[in-house]
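So this one's upload-v5.cif, mmCIF, C-alpha atoms and all ligand atoms:
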data_my_file
#
loop_
_atom_site.group_PDB
_atom_site.id
_atom_site.type_symbol
_atom_site.label_atom_id
_atom_site.label_comp_id
_atom_site.auth_asym_id
_atom_site.auth_seq_id
_atom_site.Cartn_x
_atom_site.Cartn_y
_atom_site.Cartn_z
ATOM 1 C CA MET A 115 0.000 0.000 0.000
ATOM 2 C CA LEU A 116 1.195 3.517 -0.824
ATOM 3 C CA ASN A 117 1.447 6.218 1.821
ATOM 4 C CA ILE A 118 -1.357 8.753 1.490
ATOM 5 C CA ILE A 119 0.592 11.585 -0.187
ATOM 6 C CA ASN A 120 2.272 9.224 -2.660
ATOM 7 C CA ALA A 121 -1.150 7.728 -3.341
ATOM 8 C CA LEU A 122 -2.714 11.143 -3.993
ATOM 9 C CA ASN A 123 0.149 11.984 -6.353
ATOM 10 C CA TRP A 124 -0.252 8.606 -8.072
ATOM 11 C CA ARG A 125 -3.950 9.001 -8.689
ATOM 12 C CA TYR A 126 -5.425 11.027 -11.506
ATOM 13 C CA ALA A 127 -8.816 11.136 -13.158
ATOM 14 C CA ALA A 128 -8.437 8.242 -15.589
ATOM 15 C CA ASN A 129 -9.510 9.108 -19.115
ATOM 16 C CA ALA A 130 -9.090 5.673 -20.665
ATOM 17 C CA TYR A 131 -9.421 2.280 -18.995
ATOM 18 C CA ASP A 132 -8.066 -1.145 -19.911
ATOM 19 C CA THR A 133 -11.281 -2.986 -20.772
ATOM 20 C CA ASN A 134 -9.637 -6.375 -20.205
ATOM 21 C CA LYS A 135 -8.711 -5.751 -16.585
ATOM 22 C CA LYS A 136 -11.394 -6.135 -13.941
ATOM 23 C CA LEU A 137 -11.278 -5.416 -10.235
ATOM 24 C CA SER A 138 -11.623 -8.432 -7.946
ATOM 25 C CA ASP A 139 -14.679 -8.810 -5.700
ATOM 26 C CA GLU A 140 -12.401 -8.022 -2.771
ATOM 27 C CA GLN A 141 -11.250 -4.744 -4.331
ATOM 28 C CA VAL A 142 -14.829 -3.745 -5.136
ATOM 29 C CA ASN A 143 -15.867 -4.595 -1.583
ATOM 30 C CA THR A 144 -13.050 -2.436 -0.204
ATOM 31 C CA LEU A 145 -14.257 0.510 -2.292
ATOM 32 C CA ILE A 146 -17.869 0.029 -1.212
ATOM 33 C CA GLU A 147 -16.841 -0.393 2.419
ATOM 34 C CA SER A 148 -14.960 2.924 2.251
ATOM 35 C CA ILE A 149 -18.175 4.621 1.101
ATOM 36 C CA ARG A 150 -20.119 2.906 3.872
ATOM 37 C CA LEU A 151 -17.635 4.200 6.448
ATOM 38 C CA ALA A 152 -17.633 7.786 5.157
ATOM 39 C CA PRO A 153 -18.978 10.360 7.602
ATOM 40 C CA SER A 154 -22.109 12.415 6.955
ATOM 41 C CA SER A 155 -23.851 15.287 8.723
ATOM 42 C CA TYR A 156 -25.540 13.841 11.845
ATOM 43 C CA GLY A 157 -24.524 10.432 10.467
ATOM 44 C CA LEU A 158 -27.867 10.421 8.657
ATOM 45 C CA PRO A 159 -27.906 8.103 5.610
ATOM 46 C CA VAL A 160 -28.979 10.435 2.789
ATOM 47 C CA TYR A 161 -27.827 8.653 -0.353
ATOM 48 C CA LYS A 162 -27.550 5.266 -2.005
ATOM 49 C CA VAL A 163 -24.894 3.958 -4.356
ATOM 50 C CA ILE A 164 -26.013 2.274 -7.549
ATOM 51 C CA HIS A 165 -23.393 -0.264 -8.665
ATOM 52 C CA VAL A 166 -24.296 -0.535 -12.337
ATOM 53 C CA LYS A 167 -23.280 -3.949 -13.634
ATOM 54 C CA ASP A 168 -25.446 -4.424 -16.713
ATOM 55 C CA ILE A 169 -23.425 -3.487 -19.799
ATOM 56 C CA GLU A 170 -26.494 -2.542 -21.868
ATOM 57 C CA THR A 171 -27.513 -0.103 -19.113
ATOM 58 C CA ARG A 172 -23.969 1.250 -19.029
ATOM 59 C CA LYS A 173 -24.101 1.856 -22.802
ATOM 60 C CA LYS A 174 -27.324 3.818 -22.366
ATOM 61 C CA LEU A 175 -25.756 5.857 -19.561
ATOM 62 C CA LYS A 176 -22.667 6.580 -21.648
ATOM 63 C CA ALA A 177 -24.874 8.031 -24.398
ATOM 64 C CA VAL A 178 -26.201 10.627 -21.934
ATOM 65 C CA ALA A 179 -22.773 11.313 -20.396
ATOM 66 C CA TRP A 180 -21.207 13.058 -23.383
ATOM 67 C CA ASP A 181 -20.129 9.634 -24.636
ATOM 68 C CA GLN A 182 -17.346 9.567 -22.071
ATOM 69 C CA PRO A 183 -15.709 6.146 -22.504
ATOM 70 C CA GLN A 184 -15.041 5.595 -18.799
ATOM 71 C CA ILE A 185 -18.758 4.844 -18.267
ATOM 72 C CA THR A 186 -18.555 1.590 -20.225
ATOM 73 C CA ASP A 187 -14.822 0.824 -20.185
ATOM 74 C CA ALA A 188 -13.983 0.978 -16.486
ATOM 75 C CA SER A 189 -14.277 -2.226 -14.516
ATOM 76 C CA ASP A 190 -16.936 -0.759 -12.217
ATOM 77 C CA LEU A 191 -19.393 2.111 -12.264
ATOM 78 C CA PHE A 192 -20.892 3.682 -9.157
ATOM 79 C CA VAL A 193 -23.660 6.286 -9.261
ATOM 80 C CA PHE A 194 -24.286 8.268 -6.087
ATOM 81 C CA ALA A 195 -27.990 9.055 -5.791
ATOM 82 C CA VAL A 196 -29.463 11.182 -3.023
ATOM 83 C CA LYS A 197 -32.781 10.533 -1.316
ATOM 84 C CA THR A 198 -35.588 12.845 -2.413
ATOM 85 C CA ASP A 199 -37.959 11.911 0.415
ATOM 86 C CA LEU A 200 -35.852 12.971 3.401
ATOM 87 C CA GLY A 201 -38.113 13.687 6.356
ATOM 88 C CA ASP A 202 -39.369 12.338 9.677
ATOM 89 C CA ALA A 203 -39.461 8.718 8.472
ATOM 90 C CA SER A 204 -35.769 8.799 7.443
ATOM 91 C CA VAL A 205 -34.853 10.150 10.866
ATOM 92 C CA ASP A 206 -36.955 7.458 12.602
ATOM 93 C CA ASP A 207 -35.185 4.739 10.562
ATOM 94 C CA TYR A 208 -31.827 6.205 11.519
ATOM 95 C CA VAL A 209 -32.750 6.441 15.200
ATOM 96 C CA ASN A 210 -33.831 2.777 15.129
ATOM 97 C CA LEU A 211 -30.475 1.851 13.631
ATOM 98 C CA ILE A 212 -28.609 3.704 16.394
ATOM 99 C CA MET A 213 -30.796 2.013 19.028
ATOM 100 C CA GLU A 214 -30.031 -1.441 17.602
ATOM 101 C CA THR A 215 -26.328 -0.766 17.072
ATOM 102 C CA ARG A 216 -25.599 0.866 20.421
ATOM 103 C CA ASN A 217 -28.317 -0.728 22.506
ATOM 104 C CA VAL A 218 -29.661 2.613 23.684
ATOM 105 C CA SER A 219 -33.227 3.785 24.337
ATOM 106 C CA ALA A 220 -35.437 5.902 22.074
ATOM 107 C CA GLU A 221 -35.783 8.311 24.995
ATOM 108 C CA SER A 222 -32.024 8.976 25.063
ATOM 109 C CA LEU A 223 -32.150 9.932 21.367
ATOM 110 C CA SER A 224 -35.342 11.975 21.371
ATOM 111 C CA LYS A 225 -33.661 15.417 21.430
ATOM 112 C CA PHE A 226 -31.187 14.387 18.728
ATOM 113 C CA ALA A 227 -34.047 13.066 16.562
ATOM 114 C CA ALA A 228 -36.090 16.247 17.055
ATOM 115 C CA MET A 229 -33.083 18.358 16.068
ATOM 116 C CA ILE A 230 -32.531 16.474 12.802
ATOM 117 C CA LYS A 231 -36.257 16.523 11.998
ATOM 118 C CA GLY A 232 -36.265 20.286 12.656
ATOM 119 C CA THR A 233 -33.272 20.804 10.346
ATOM 120 C CA LEU A 234 -34.902 18.814 7.544
ATOM 121 C CA LYS A 235 -38.194 20.712 7.924
ATOM 122 C CA SER A 236 -36.388 24.066 7.733
ATOM 123 C CA LEU A 237 -34.866 23.268 4.325
ATOM 124 C CA SER A 238 -36.594 23.677 0.954
ATOM 125 C CA GLU A 239 -36.664 20.564 -1.264
ATOM 126 C CA ASP A 240 -33.847 22.007 -3.420
ATOM 127 C CA HIS A 241 -31.755 22.885 -0.400
ATOM 128 C CA LYS A 242 -32.280 19.389 1.033
ATOM 129 C CA THR A 243 -31.069 17.810 -2.207
ATOM 130 C CA THR A 244 -28.011 20.081 -2.201
ATOM 131 C CA TRP A 245 -27.301 19.228 1.436
ATOM 132 C CA ALA A 246 -27.616 15.509 0.708
ATOM 133 C CA ALA A 247 -25.361 15.896 -2.336
ATOM 134 C CA LYS A 248 -22.647 17.418 -0.117
ATOM 135 C CA GLN A 249 -22.665 14.232 1.944
ATOM 136 C CA ALA A 250 -22.413 12.133 -1.219
ATOM 137 C CA TYR A 251 -19.446 14.194 -2.444
ATOM 138 C CA LEU A 252 -17.717 13.660 0.865
ATOM 139 C CA ALA A 253 -18.113 9.911 0.392
ATOM 140 C CA LEU A 254 -16.834 10.344 -3.155
ATOM 141 C CA GLY A 255 -13.659 11.882 -1.684
ATOM 142 C CA VAL A 256 -13.231 8.953 0.680
ATOM 143 C CA LEU A 257 -13.762 6.564 -2.232
ATOM 144 C CA LEU A 258 -11.165 8.342 -4.402
ATOM 145 C CA SER A 259 -8.594 8.321 -1.591
ATOM 146 C CA THR A 260 -9.232 4.661 -0.842
ATOM 147 C CA ALA A 261 -8.913 3.752 -4.499
ATOM 148 C CA ALA A 262 -5.605 5.629 -4.667
ATOM 149 C CA LEU A 263 -4.223 3.853 -1.593
ATOM 150 C CA GLU A 264 -5.211 0.535 -3.145
ATOM 151 C CA GLU A 265 -3.663 1.552 -6.494
ATOM 152 C CA ILE A 266 -7.036 1.328 -8.192
ATOM 153 C CA ASP A 267 -7.658 3.877 -10.926
ATOM 154 C CA SER A 268 -10.771 5.991 -10.717
ATOM 155 C CA THR A 269 -12.622 8.905 -12.298
ATOM 156 C CA PRO A 270 -15.032 11.204 -10.484
ATOM 157 C CA MET A 271 -17.639 12.402 -12.992
ATOM 158 C CA GLU A 272 -20.230 15.145 -13.097
ATOM 159 C CA GLY A 273 -20.431 15.253 -16.870
ATOM 160 C CA PHE A 274 -23.727 13.469 -17.323
ATOM 161 C CA ASP A 275 -27.407 14.298 -17.719
ATOM 162 C CA LYS A 276 -28.903 13.697 -14.296
ATOM 163 C CA LYS A 277 -32.507 13.537 -15.493
ATOM 164 C CA GLN A 278 -31.633 10.901 -18.080
ATOM 165 C CA PHE A 279 -29.570 8.911 -15.560
ATOM 166 C CA ASP A 280 -32.572 8.975 -13.199
ATOM 167 C CA GLU A 281 -34.810 7.769 -16.011
ATOM 168 C CA ILE A 282 -32.506 4.964 -17.208
ATOM 169 C CA LEU A 283 -31.833 3.706 -13.677
ATOM 170 C CA GLY A 284 -35.475 4.070 -12.560
ATOM 171 C CA LEU A 285 -34.356 6.226 -9.633
ATOM 172 C CA LYS A 286 -37.560 8.262 -9.247
ATOM 173 C CA ASP A 287 -39.515 5.185 -8.185
ATOM 174 C CA LEU A 288 -36.824 4.508 -5.572
ATOM 175 C CA GLY A 289 -37.115 8.042 -4.149
ATOM 176 C CA LEU A 290 -33.660 8.920 -5.447
ATOM 177 C CA THR A 291 -31.954 11.334 -7.833
ATOM 178 C CA SER A 292 -28.442 10.963 -9.251
ATOM 179 C CA THR A 293 -25.802 13.418 -8.102
ATOM 180 C CA VAL A 294 -22.291 12.248 -8.999
ATOM 181 C CA VAL A 295 -20.583 9.248 -10.586
ATOM 182 C CA CYS A 296 -17.321 7.401 -10.004
ATOM 183 C CA THR A 297 -15.754 4.778 -12.233
ATOM 184 C CA ALA A 298 -12.999 2.441 -11.047
ATOM 185 C CA GLY A 299 -10.662 -0.031 -12.689
ATOM 186 C CA TYR A 300 -7.267 -0.080 -14.366
ATOM 187 C CA ARG A 301 -5.896 2.681 -16.575
ATOM 188 C CA SER A 302 -5.218 1.934 -20.231
ATOM 189 C CA GLU A 303 -1.569 1.926 -21.326
ATOM 190 C CA ASN A 304 -2.677 4.494 -23.898
ATOM 191 C CA ASP A 305 -4.091 6.979 -21.408
ATOM 192 C CA SER A 306 -1.900 10.034 -22.043
ATOM 193 C CA SER A 307 -3.326 11.845 -19.003
ATOM 194 C CA ALA A 308 -1.530 9.374 -16.727
ATOM 195 C CA SER A 309 1.848 10.976 -17.381
ATOM 196 C CA MET A 310 0.721 14.600 -17.211
ATOM 197 C CA ALA A 311 2.067 16.691 -14.349
ATOM 198 C CA LYS A 312 -0.479 17.350 -11.641
ATOM 199 C CA VAL A 313 -1.769 20.935 -11.760
ATOM 200 C CA ARG A 314 -2.412 22.310 -8.288
ATOM 201 C CA VAL A 315 -1.968 25.692 -6.620
ATOM 202 C CA SER A 316 0.956 26.074 -4.240
ATOM 203 C CA LYS A 317 0.487 25.697 -0.503
ATOM 204 C CA GLU A 318 0.977 29.496 -0.192
ATOM 205 C CA ASN A 319 -1.874 30.073 -2.612
ATOM 206 C CA LEU A 320 -4.107 27.612 -0.860
ATOM 207 C CA VAL A 321 -3.676 28.292 2.828
ATOM 208 C CA ILE A 322 -4.392 31.625 4.456
ATOM 209 C CA GLU A 323 -2.753 31.841 7.847
ATOM 210 C CA LYS A 324 -4.362 34.168 10.348
HETATM 211 C C1 LIG B 1 -16.808 16.352 -8.932
HETATM 212 C C2 LIG B 1 -15.922 16.073 -10.102
HETATM 213 C C3 LIG B 1 -16.468 15.885 -11.365
HETATM 214 C C4 LIG B 1 -15.654 15.552 -12.447
HETATM 215 N N1 LIG B 1 -16.228 15.252 -13.658
HETATM 216 C C5 LIG B 1 -15.459 14.742 -14.644
HETATM 217 C C6 LIG B 1 -16.038 14.238 -15.840
HETATM 218 O O1 LIG B 1 -17.248 14.241 -16.033
HETATM 219 N N2 LIG B 1 -15.196 13.715 -16.778
HETATM 220 C C7 LIG B 1 -13.849 13.654 -16.591
HETATM 221 O O2 LIG B 1 -13.139 13.142 -17.472
HETATM 222 N N3 LIG B 1 -13.266 14.137 -15.467
HETATM 223 C C8 LIG B 1 -14.043 14.659 -14.505
HETATM 224 N N4 LIG B 1 -13.464 15.104 -13.340
HETATM 225 C C9 LIG B 1 -12.004 15.025 -13.168
HETATM 226 C C10 LIG B 1 -11.327 16.382 -13.016
HETATM 227 O O3 LIG B 1 -11.248 17.026 -14.244
HETATM 228 C C11 LIG B 1 -9.958 16.141 -12.377
HETATM 229 O O4 LIG B 1 -10.132 15.531 -11.128
HETATM 230 C C12 LIG B 1 -9.179 17.449 -12.218
HETATM 231 O O5 LIG B 1 -8.853 17.986 -13.460
HETATM 232 C C13 LIG B 1 -7.898 17.245 -11.423
HETATM 233 O O6 LIG B 1 -7.055 16.301 -12.039
HETATM 234 P P1 LIG B 1 -6.628 14.919 -11.393
HETATM 235 O O7 LIG B 1 -7.840 14.363 -10.675
HETATM 236 O O8 LIG B 1 -6.247 14.071 -12.577
HETATM 237 O O9 LIG B 1 -5.504 15.165 -10.457
HETATM 238 C C14 LIG B 1 -14.264 15.474 -12.263
HETATM 239 C C15 LIG B 1 -13.723 15.698 -10.995
HETATM 240 C C16 LIG B 1 -14.527 15.971 -9.924
HETATM 241 C C17 LIG B 1 -13.912 16.137 -8.559
#
Could you spell out this file's structure in structure tokens?
Amino acid sequence: MLNIINALNWRYAANAYDTNKKLSDEQVNTLIESIRLAPSSYGLPVYKVIHVKDIETRKKLKAVAWDQPQITDASDLFVFAVKTDLGDASVDDYVNLIMETRNVSAESLSKFAAMIKGTLKSLSEDHKTTWAAKQAYLALGVLLSTAALEEIDSTPMEGFDKKQFDEILGLKDLGLTSTVVCTAGYRSENDSSASMAKVRVSKENLVIEK
């Protein structure tokens, strides 16, 4: 395993994948587990991850993602989709999960539950979706870092038509809407982006010390 800074220097957004190389089940499980362990605001589960395995579906998705080849050529495709029905019931489900996991009473969580319910009620539907998307992006970051440490190539992707993704994946019926995508696999030998120098601002331009 690489150390974290070497890993972050090693990774890049893969443009072309080797279609013959597939990730093992263990590698895929590691990636999914890293998403599962990602933090979120209040710890509330606000998104699902669609692991799209069907190649015909992936071809349809590629057609509405500017024909970006990663969608079909990477070993694995993950679509982060946020919940569109966040409200009291989602908080109750979460509270039940905490009660089961930590063996604590509903009473001990009642203030916490009321606070989350209050937050959700105070947000417009659009704001709620944006808030949920932030949590999904955080998990995306954890996924990208994990992939890098495991020397698995990946590509975060926003270049797709969300409405069409929702339609193709039947997300509306599941109370979900797509927000961001990540592909994972092995880079192609012909991917010229792999050897390009990383473009980042200097530490001085990034950090403001006060
Ligand atoms: C949220 C997000 C969306 C992105 N969408 C795309 C995309 O649709 N297609 C693509 O080829 N790269 C996409 N990228 C990759 C970025 O262009 C890339 O991460 C950035 O240029 C920095 O380069 P590096 O990741 O190779 O170091 C996306 C990156 C992020 C973080």
Q. When distances are computed from all atoms listed in the file, which of A:Asp181, A:Asp206, A:Glu170, A:Glu140 shows the smallest separation from ligand LIG 1 (chain B)?
A. A:Asp181
Q | Surrounding residues of Asp199 (chain A) excluding itself and chain neighbours under 4 positions, 9 Å, all atoms listed in the file, as a PyMOL selection string | A | chain A and resi 203-204+239+289-290
Could you list, with a cut-off of 6 Å and counting all atoms listed in the file, the residues of chain A near ligand LIG 1 (chain B), each shown with its nearest atom pair and the distance in Å rounded to one decimal, rows sorted by chain and ascending number, as JSON lines?
{"residue": "A:Tyr126", "atom": "CA", "partner": "B:LIG1", "partner_atom": "O8", "distance": 3.3}
{"residue": "A:Ala127", "atom": "CA", "partner": "B:LIG1", "partner_atom": "O8", "distance": 3.9}
{"residue": "A:Asn129", "atom": "CA", "partner": "B:LIG1", "partner_atom": "O2", "distance": 5.7}
{"residue": "A:Pro270", "atom": "CA", "partner": "B:LIG1", "partner_atom": "C14", "distance": 4.7}
{"residue": "A:Met271", "atom": "CA", "partner": "B:LIG1", "partner_atom": "N1", "distance": 3.2}
{"residue": "A:Glu272", "atom": "CA", "partner": "B:LIG1", "partner_atom": "N1", "distance": 4.0}
{"residue": "A:Gly273", "atom": "CA", "partner": "B:LIG1", "partner_atom": "O1", "distance": 3.4}
{"residue": "A:Lys312", "atom": "CA", "partner": "B:LIG1", "partner_atom": "O9", "distance": 5.6}
Q) Quick one: distance from CA of Ser268 (chain A) to CA of Ala298 (chain A) in Å, one decimal? A)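 Separation between CA of Ser268 (chain A) and CA of Ala298 (chain A): 4.2 Å.
Each of A:Val160, A:Ile282, A:Leu263, A:Val294 was checked against Trp245 (chain A) using all atoms listed in the file; the smallest atom-to-atom distance is that of A:Val160.
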(Q) Going by the chain IDs and residue numbers used in this file, which residues fall under the PyMOL selection byres (((chain A and resi 300-304) around 9) and not hetatm)? Write them as a PyMOL selection string. (A) chain A and resi 128-137+188-189+265-268+298-299+305-308
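The shortest atom-to-atom distance to Lys242 (chain A), with all atoms listed in the file taken into account, belongs to A:Val196 out of A:Ile146, A:Val205, A:Val196, A:Leu254.
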**Q.** Ile169 (chain A) surroundings by all atoms listed in the file, 12 Å radius, close-in-sequence under 2 positions cut, as a VMD selection string
**A.** chain A and resid 165 to 167 171 to 176 185 to 191
Would you put the residues from that selection into a file with C-alpha atoms, as a PDB file, in the coordinates of the input?
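Listed below is the output, out11.pdb:
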ATOM      1  CA  HIS A 165     -23.393  -0.264  -8.665  1.00  0.00           C
ATOM      2  CA  VAL A 166     -24.296  -0.535 -12.337  1.00  0.00           C
ATOM      3  CA  LYS A 167     -23.280  -3.949 -13.634  1.00  0.00           C
ATOM      4  CA  THR A 171     -27.513  -0.103 -19.113  1.00  0.00           C
ATOM      5  CA  ARG A 172     -23.969   1.250 -19.029  1.00  0.00           C
ATOM      6  CA  LYS A 173     -24.101   1.856 -22.802  1.00  0.00           C
ATOM      7  CA  LYS A 174     -27.324   3.818 -22.366  1.00  0.00           C
ATOM      8  CA  LEU A 175     -25.756   5.857 -19.561  1.00  0.00           C
ATOM      9  CA  LYS A 176     -22.667   6.580 -21.648  1.00  0.00           C
ATOM     10  CA  ILE A 185     -18.758   4.844 -18.267  1.00  0.00           C
ATOM     11  CA  THR A 186     -18.555   1.590 -20.225  1.00  0.00           C
ATOM     12  CA  ASP A 187     -14.822   0.824 -20.185  1.00  0.00           C
ATOM     13  CA  ALA A 188     -13.983   0.978 -16.486  1.00  0.00           C
ATOM     14  CA  SER A 189     -14.277  -2.226 -14.516  1.00  0.00           C
ATOM     15  CA  ASP A 190     -16.936  -0.759 -12.217  1.00  0.00           C
ATOM     16  CA  LEU A 191     -19.393   2.111 -12.264  1.00  0.00           C
TER      17      LEU A 191
END
Q.
For region 219-223 of chain A, find every residue with an atom within 12 Å (counting all atoms listed in the file), except residues of its own chain fewer than 3 positions away, and show them as a PyMOL selection string.
A. chain A and resi 205-216+226-230
Q. Between A:Ala261, A:Val193, A:Ala177, A:Leu145, which has the minimum distance to Ala247 (chain A) (counting all atoms listed in the file)?
A. A:Val193
Q) With all atoms listed in the file as the atoms that count, which of A:Gln278, A:Asn217, A:Asn120, A:Ser155 lies nearest to Leu234 (chain A)? A)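 Ranked by minimum distance to Leu234 (chain A), first place goes to A:Ser155.
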**Q.** Atomic separation - CA of Gly284 (chain A) relative to CA of Asp240 (chain A), Å
**A.** 20.2 Å
(Q) Counting only C-alpha atoms, which residue out of A:Gly201, A:Ala152, A:Lys324, A:Met310 sits closest to Leu237 (chain A)? (A)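 The shortest atom-to-atom distance to Leu237 (chain A) comes from A:Gly201.
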Q) What is the CA of Ile119 (chain A) to CA of Gln141 (chain A) distance in Å? A)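 Calculated distance between CA of Ile119 (chain A) and CA of Gln141 (chain A) is 20.6 Å.
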Centre and edge lengths of an axis-aligned box around all listed atoms of region 297-312 of chain A, with 4 Å added on each side, are to be given in Å to one decimal, as AutoDock Vina command-line options.
--center_x -6.8 --center_y 8.6 --center_z -17.5 --size_x 25.8 --size_y 25.4 --size_z 20.9
